[in-house]
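Here is the file start_31.txt (compact mmCIF, N, CA and C atoms).
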```txt
# COMPACT_ATOMS: atom_id res chain seq x y z
N MET A 1 31.51 -45.20 75.66
CA MET A 1 30.10 -45.23 75.31
C MET A 1 29.49 -46.58 75.67
N ARG A 2 30.19 -47.67 75.36
CA ARG A 2 29.66 -49.00 75.65
C ARG A 2 29.53 -49.21 77.16
N SER A 3 30.48 -48.71 77.93
CA SER A 3 30.42 -48.90 79.38
C SER A 3 29.22 -48.15 79.97
N ARG A 4 28.85 -47.03 79.40
CA ARG A 4 27.67 -46.30 79.86
C ARG A 4 26.41 -47.13 79.62
N PHE A 5 26.35 -47.77 78.46
CA PHE A 5 25.19 -48.60 78.13
C PHE A 5 25.10 -49.78 79.10
N LEU A 6 26.22 -50.43 79.37
CA LEU A 6 26.21 -51.57 80.27
C LEU A 6 25.80 -51.17 81.69
N LEU A 7 26.18 -49.98 82.11
CA LEU A 7 25.79 -49.51 83.43
C LEU A 7 24.31 -49.11 83.46
N ALA A 8 23.82 -48.58 82.36
CA ALA A 8 22.43 -48.12 82.31
C ALA A 8 21.44 -49.25 82.01
N ALA A 9 21.90 -50.35 81.43
CA ALA A 9 21.00 -51.44 81.02
C ALA A 9 20.15 -51.98 82.17
N PRO A 10 20.72 -52.28 83.34
CA PRO A 10 19.85 -52.80 84.41
C PRO A 10 18.76 -51.81 84.83
N PHE A 11 19.04 -50.54 84.79
CA PHE A 11 18.03 -49.54 85.16
C PHE A 11 16.95 -49.44 84.10
N LEU A 12 17.32 -49.61 82.83
CA LEU A 12 16.34 -49.55 81.76
C LEU A 12 15.44 -50.79 81.77
N LEU A 13 15.99 -51.93 82.13
CA LEU A 13 15.23 -53.17 82.11
C LEU A 13 14.29 -53.33 83.30
N THR A 14 14.55 -52.63 84.38
CA THR A 14 13.71 -52.81 85.57
C THR A 14 12.27 -52.40 85.32
N GLY A 15 12.01 -51.49 84.44
CA GLY A 15 10.64 -51.06 84.15
C GLY A 15 9.94 -51.98 83.18
N CYS A 16 10.63 -52.98 82.61
CA CYS A 16 10.04 -53.84 81.60
C CYS A 16 9.36 -55.08 82.18
N ILE A 17 9.59 -55.39 83.42
CA ILE A 17 9.03 -56.59 84.00
C ILE A 17 7.86 -56.20 84.89
N SER A 18 6.74 -56.89 84.68
CA SER A 18 5.54 -56.60 85.46
C SER A 18 4.87 -57.91 85.81
N PHE A 19 4.24 -57.99 86.96
CA PHE A 19 3.55 -59.19 87.39
C PHE A 19 2.23 -58.79 88.02
N ASN A 20 1.17 -59.39 87.55
CA ASN A 20 -0.16 -59.15 88.11
C ASN A 20 -0.76 -60.47 88.53
N SER A 21 -1.47 -60.48 89.61
CA SER A 21 -2.15 -61.68 90.07
C SER A 21 -3.58 -61.31 90.45
N SER A 22 -4.52 -62.12 89.97
CA SER A 22 -5.91 -61.87 90.32
C SER A 22 -6.26 -62.54 91.64
N GLU A 23 -5.36 -63.33 92.17
CA GLU A 23 -5.60 -64.04 93.42
C GLU A 23 -5.40 -63.10 94.60
N SER A 24 -6.31 -63.14 95.53
CA SER A 24 -6.20 -62.27 96.70
C SER A 24 -5.09 -62.79 97.61
N PRO A 25 -4.50 -61.93 98.43
CA PRO A 25 -3.42 -62.37 99.32
C PRO A 25 -3.85 -63.47 100.28
N SER A 26 -5.12 -63.54 100.64
CA SER A 26 -5.58 -64.57 101.57
C SER A 26 -5.88 -65.89 100.87
N GLY A 27 -5.77 -65.95 99.56
CA GLY A 27 -6.04 -67.16 98.80
C GLY A 27 -7.34 -67.05 98.02
N PRO A 28 -7.63 -68.06 97.22
CA PRO A 28 -8.84 -68.02 96.40
C PRO A 28 -10.11 -68.13 97.25
N ASP A 29 -11.20 -67.63 96.72
CA ASP A 29 -12.49 -67.71 97.40
C ASP A 29 -13.18 -69.00 96.94
N TYR A 30 -12.99 -70.06 97.71
CA TYR A 30 -13.53 -71.37 97.34
C TYR A 30 -15.05 -71.37 97.27
N GLY A 31 -15.69 -70.60 98.13
CA GLY A 31 -17.15 -70.56 98.15
C GLY A 31 -17.75 -69.95 96.91
N ALA A 32 -17.07 -69.02 96.29
CA ALA A 32 -17.62 -68.32 95.13
C ALA A 32 -17.08 -68.83 93.79
N PHE A 33 -16.11 -69.75 93.83
CA PHE A 33 -15.47 -70.18 92.58
C PHE A 33 -16.46 -70.79 91.60
N CYS A 34 -17.34 -71.66 92.07
CA CYS A 34 -18.27 -72.37 91.18
C CYS A 34 -19.54 -71.58 90.86
N HIS A 35 -19.70 -70.44 91.51
CA HIS A 35 -20.89 -69.62 91.30
C HIS A 35 -20.98 -69.20 89.83
N ASP A 36 -22.08 -69.51 89.19
CA ASP A 36 -22.37 -69.16 87.79
C ASP A 36 -21.49 -69.86 86.76
N LYS A 37 -20.71 -70.87 87.15
CA LYS A 37 -19.88 -71.59 86.18
C LYS A 37 -20.73 -72.43 85.24
N GLN A 38 -21.84 -73.00 85.73
CA GLN A 38 -22.69 -73.80 84.86
C GLN A 38 -23.35 -72.92 83.79
N ALA A 39 -23.78 -71.73 84.16
CA ALA A 39 -24.35 -70.80 83.19
C ALA A 39 -23.29 -70.39 82.17
N LEU A 40 -22.07 -70.19 82.64
CA LEU A 40 -20.97 -69.85 81.74
C LEU A 40 -20.72 -70.99 80.76
N CYS A 41 -20.79 -72.22 81.24
CA CYS A 41 -20.60 -73.40 80.38
C CYS A 41 -21.68 -73.45 79.30
N ARG A 42 -22.93 -73.20 79.69
CA ARG A 42 -24.03 -73.18 78.71
C ARG A 42 -23.81 -72.09 77.67
N ASP A 43 -23.31 -70.93 78.11
CA ASP A 43 -23.04 -69.85 77.16
C ASP A 43 -21.92 -70.23 76.20
N ILE A 44 -20.91 -70.91 76.69
CA ILE A 44 -19.78 -71.31 75.84
C ILE A 44 -20.23 -72.35 74.82
N CYS A 45 -21.02 -73.35 75.25
CA CYS A 45 -21.44 -74.43 74.35
C CYS A 45 -22.49 -73.97 73.34
N GLY A 46 -23.30 -73.01 73.72
CA GLY A 46 -24.29 -72.46 72.79
C GLY A 46 -25.32 -73.48 72.34
N ASP A 47 -25.62 -73.48 71.04
CA ASP A 47 -26.65 -74.34 70.48
C ASP A 47 -26.31 -75.82 70.56
N ALA A 48 -25.03 -76.17 70.59
CA ALA A 48 -24.63 -77.58 70.65
C ALA A 48 -25.08 -78.22 71.96
N GLY A 49 -25.05 -77.46 73.05
CA GLY A 49 -25.47 -77.97 74.35
C GLY A 49 -24.31 -78.51 75.17
N VAL A 50 -24.55 -78.71 76.45
CA VAL A 50 -23.54 -79.18 77.39
C VAL A 50 -23.57 -80.70 77.46
N ALA A 51 -22.43 -81.34 77.26
CA ALA A 51 -22.32 -82.80 77.38
C ALA A 51 -21.98 -83.18 78.81
N ALA A 52 -21.07 -82.44 79.45
CA ALA A 52 -20.66 -82.73 80.83
C ALA A 52 -20.19 -81.45 81.50
N PHE A 53 -20.51 -81.35 82.78
CA PHE A 53 -20.11 -80.18 83.55
C PHE A 53 -19.75 -80.61 84.96
N SER A 54 -18.66 -80.08 85.50
CA SER A 54 -18.33 -80.31 86.91
C SER A 54 -17.53 -79.11 87.42
N CYS A 55 -17.75 -78.83 88.70
CA CYS A 55 -17.02 -77.74 89.34
C CYS A 55 -16.85 -78.10 90.81
N LYS A 56 -15.60 -78.09 91.25
CA LYS A 56 -15.28 -78.39 92.64
C LYS A 56 -14.30 -77.35 93.15
N ALA A 57 -14.49 -76.94 94.37
CA ALA A 57 -13.57 -75.99 95.00
C ALA A 57 -13.47 -76.33 96.48
N ALA A 58 -12.28 -76.76 96.88
CA ALA A 58 -12.04 -77.11 98.27
C ALA A 58 -10.60 -76.77 98.63
N PRO A 59 -10.37 -76.29 99.83
CA PRO A 59 -9.02 -75.87 100.22
C PRO A 59 -7.94 -76.93 100.02
N ARG A 60 -8.22 -78.17 100.36
CA ARG A 60 -7.18 -79.21 100.23
C ARG A 60 -7.16 -79.87 98.86
N GLU A 61 -8.24 -79.71 98.10
CA GLU A 61 -8.34 -80.34 96.79
C GLU A 61 -8.07 -79.36 95.66
N GLY A 62 -8.14 -78.09 95.93
CA GLY A 62 -7.88 -77.08 94.90
C GLY A 62 -9.13 -76.71 94.13
N LEU A 63 -8.92 -76.10 92.98
CA LEU A 63 -10.02 -75.64 92.13
C LEU A 63 -10.07 -76.51 90.87
N ASP A 64 -11.25 -77.00 90.53
CA ASP A 64 -11.40 -77.85 89.36
C ASP A 64 -12.68 -77.47 88.64
N TYR A 65 -12.56 -77.14 87.38
CA TYR A 65 -13.71 -76.74 86.57
C TYR A 65 -13.61 -77.45 85.23
N SER A 66 -14.68 -78.11 84.83
CA SER A 66 -14.69 -78.82 83.56
C SER A 66 -16.00 -78.56 82.85
N CYS A 67 -15.89 -78.23 81.59
CA CYS A 67 -17.06 -77.98 80.74
C CYS A 67 -16.82 -78.65 79.40
N GLN A 68 -17.67 -79.61 79.04
CA GLN A 68 -17.54 -80.28 77.75
C GLN A 68 -18.81 -80.08 76.96
N CYS A 69 -18.65 -79.64 75.74
CA CYS A 69 -19.80 -79.38 74.87
C CYS A 69 -20.09 -80.60 74.01
N LYS A 70 -21.37 -80.76 73.66
CA LYS A 70 -21.76 -81.82 72.72
C LYS A 70 -21.21 -81.47 71.35
N LYS A 71 -20.96 -82.48 70.57
CA LYS A 71 -20.56 -82.25 69.18
C LYS A 71 -21.81 -81.85 68.42
N PRO A 72 -21.71 -80.88 67.52
CA PRO A 72 -22.89 -80.46 66.76
C PRO A 72 -23.55 -81.65 66.05
N GLY A 73 -24.85 -81.74 66.17
CA GLY A 73 -25.61 -82.80 65.52
C GLY A 73 -25.72 -84.07 66.34
N THR A 74 -25.09 -84.13 67.53
CA THR A 74 -25.16 -85.32 68.39
C THR A 74 -26.23 -85.14 69.44
N LYS A 75 -27.07 -86.17 69.62
CA LYS A 75 -28.11 -86.09 70.64
C LYS A 75 -27.86 -87.19 71.66
N LEU A 76 -28.05 -86.83 72.94
CA LEU A 76 -27.89 -87.83 74.01
C LEU A 76 -29.23 -88.33 74.48
```
Taking this structure as input, can you express it in the form of structure tokens?
Amino acid sequence: MRSRFLLAAPFLLTGCISFNSSESPSGPDYGAFCHDKQALCRDICGDAGVAAFSCKAAPREGLDYSCQCKKPGTKL
């Protein structure tokens, strides 16, 4: 009985591993990466407001997105 389980275990486990990637096979779309990121940052920060925002996308530099919200009650 145990030998049957050991033989069947690899077949049972093969269906348990899954991998998904949202990245296209040709690589990320650098031109569209920063599109609407500033609006998304404003939505995330809400009433507190945006303290700092930056978005860069370049093939040799990679993808960089930063959104920092103001602390509630702080005015710049």
* Asked: Taking all atoms listed in the file into account, which of A:Gly62, A:Cys69, A:Ala57, A:Ala52 comes nearest Ala32 of chain A?
  -> A:Ala57
* Name the residues in contact with Ala51 of chain A at a cut-off of 8 Å, using only C-alpha atoms, excluding same-chain residues fewer than 5 positions from it; report them as JSON, numbers by chain. => {"A": [67, 68, 69, 70]}
* To do: Calculate how many Å separate atom CA of Arg60 of chain A from atom CA of Cys41 of chain A, rounding to one decimal.
  =>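 Here the two named atoms are 24.7 Å from each other.
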* Record the distance separating atom CA of Asp47 of chain A and atom C of Ser66 of chain A, expressed in Å with one decimal. => 16.9 Å
* Separation of atom N of Gln38 of chain A and atom C of Lys56 of chain A, in Å? ->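 Atom N of Gln38 of chain A sits 11.4 Å away from atom C of Lys56 of chain A.
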* Asked: Smallest atom-to-atom distance to Gly31 of chain A: which of A:Tyr65, A:Gly49, A:Lys71, A:Pro59, using only N, CA and C atoms?
  ->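 Of all the options, A:Pro59 lies closest to Gly31 of chain A.
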